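Step one of this worksheet: look at the structure below.
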Amino acid sequence: MSSPSLTADTPITDLAQLVEYSAAGSRPRAQWRIGTEHEKFGFRTDDLRPPPFDGERGIEALLNGLTRFGWEAAPENGRTLALLRAGASVTLEPAGQLELSGAPLESIHQTCLEVGSHLDEVRQVADELQLGFLGMGFQPKWRRDQMPWMPKGRYRIMQAYMPKVGQLGLDMMTRTCTVQVNLDYGSESDMVKKFRVSLALQPVATALFADSPFTEGKPNGYLSYRSHIWTDTDPDRTGMLDFVFEDGFGFERYVHYLLDVPMYFSYRDGIYHDASGQSFRDFLKGRLPALPGALPTLRDWSDHMTTAFPEVRMKKFLEMRGADAGQRDRLCALPAFWVGLLYDDAALDAAWDLVKDFTRQERHALRDGVPRDALKLPFRGASVRELAVEAVKIAQAGLRRRAFLNADGADESAFLDVLAEIAESGKTPAERKLDLFHGRWKGQVDPVFAEFAY
């Protein structure tokens with residue numbers, strides 16, 4: 001979840017400014033970049049419990065330790081809650097899940113180096129504090145009431161609001177981790193095509209990355225329980241966005257969607273003002289109950305855009321949000337998958353041909369069924385596995401045509417090898433962990449913290 005926006009406090013005087021805000025993200029192909037984000041669960045190596053914020057072995061101590069690598073502390077109310085360095089940031093999810101929001105980079109080679117460098121830095125500091133970090137989609141061992149809360153103002157507001165609109169919102173906040181990628185568009189028409197393709201194929205990414213089969217030490221009946229969590233979090237701000245596939249969709253239609261998403265807050269003068277459930281449309285008229293008479297700025301709008309949680313989200317770029325966090329190679333594979341599909345014209349055309357005749361019912365059936373069945377979900381006389389195999393092949397070809405080479409002359413397609421193996425075998429990371437649970441782990445989840453920690 002995002003930190004306060006760095007957008008200027010420009011007053012909003014016209015609805016057209018909101019449309020222009022996202023339209024201004026359009027940029028020529030030579031300026032398209034890749035921004036990868038991933039989250040991970042911290043745990044104390046002696047008792048496997050999630051570390052609190054405070055204390056000698058707490059999350060703040062970890063953040064402060066990372067400043068030795070050139071990260072600059074970004075405090076809130078005098079406490080270190082985020083770090084900044086060269087266009088990247090390290091932030092905290094509500095229960096202390098550590099998130100790297102990577103810098104905008106040109107290639108997957110650079111992305112994977114960034115991920116590896118970050119994990120190595122975290123490991124050095126974490127070892128000193130007797131902490132470890134695990135990449136999975138859902139916390140495999142601890143109950144919701146055993147998870148700590150980080151002292152961030154927006155999280156206090158969301159913590160109070162979530163139970164009013166869904167049963168699993170607090171689980172989303174405290175017990176989930178994801179990997180996602182942020183990608184550019186060249187124009188409104190390019191945005192529309194990429195949005196439609198990525199939204200339709202998001203369940204395929206969910207299936208390939210499914211890695212959240214445990215809840216409180218036992219199998220939960222799902223392969224991506226993290227994905228299931230979103231189906232009962234907040235219907236006003238989640239889902240498949242059917243209007244994206246309607247004629248006339250563009251920047252303006254997405255603005256109207258966001259205006260109908262209830263607010264959480266307005267961040268002003270270092271204070272989060274609770275506006276939960278209130279209307280941004282009223283804010284535009286100076287009628288926001290939380291701030292009577294105040295008018296919004298583009299910073300308020302930028303913050304508000306981060307409080308919608310659909311499967312694909314637009315800001316000044318598109319965010320792919322459907323994958324469970326996982327091992328290091330999959331943190332590199334997720335951006336490779338979407339860059340291969342969306343940044344090469346022939347691949348984007350092929351991906352659109354793959355999904356353009358999906359019906360609304362089929363898109364929803366994929367979204368609703370994949371969390372439980374992943375690649376084995378039946379689809380059009382076959383299964384999602386066959387769809388995943390084809391999508392990975394399209395992405396591989398797209399990366400080869402992109403021809404972004406490393407120092408050894410290798411293109412980016414090798415980053416998809418891990419997904420190709422998952423798709424061909426039909427066996428997700430979650431199913432492999434379940435095999436271990438029922439076999440060598442003898443019905444225990446504790447070994448996951450040793451065998452799959454970064």
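A note on labels: chains of the structure tokens are A, B, ... as shown, every chain counts residues from 1, and ligands are counted from 1 in their shown order.
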
Stretch 192-209 of chain A surroundings by only C-alpha atoms, 7 Å radius, close-in-sequence under 3 positions cut, as a list in words: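 Near neighbours after the sequence-gap exclusion: Glu188, Ser189, Met240, Val244, Phe245, Gly250, Glu311, Val312, Gly322, Ala323, Asp324, Leu342, Ala351, Trp352, Val355, Arg363, Leu366, Arg367, Val370, Ala374, Leu375, Val384, Ala388, Leu419, Ile422, Ala423, Thr428 and Pro429 of chain A.
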
Under the rule that only C-alpha atoms are counted, which of A:Met173, A:Arg328, A:Asn77, A:Ala450 is the nearest residue to A:Leu119?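 Checking each candidate against A:Leu119, we get A:Arg328 as the closest.
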
So which bits of stretch 60-100 of chain A end up strand (DSSP E or B) when you DSSP the backbone, as a count of residues only? 20

My list of candidates is A:Leu259, A:Val125, A:Ile34, A:Met147. Which is closest to A:Pro51 when distances are computed with only C-alpha atoms?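 Comparing A:Leu259, A:Val125, A:Ile34, A:Met147 against A:Pro51, the winner is A:Met147.
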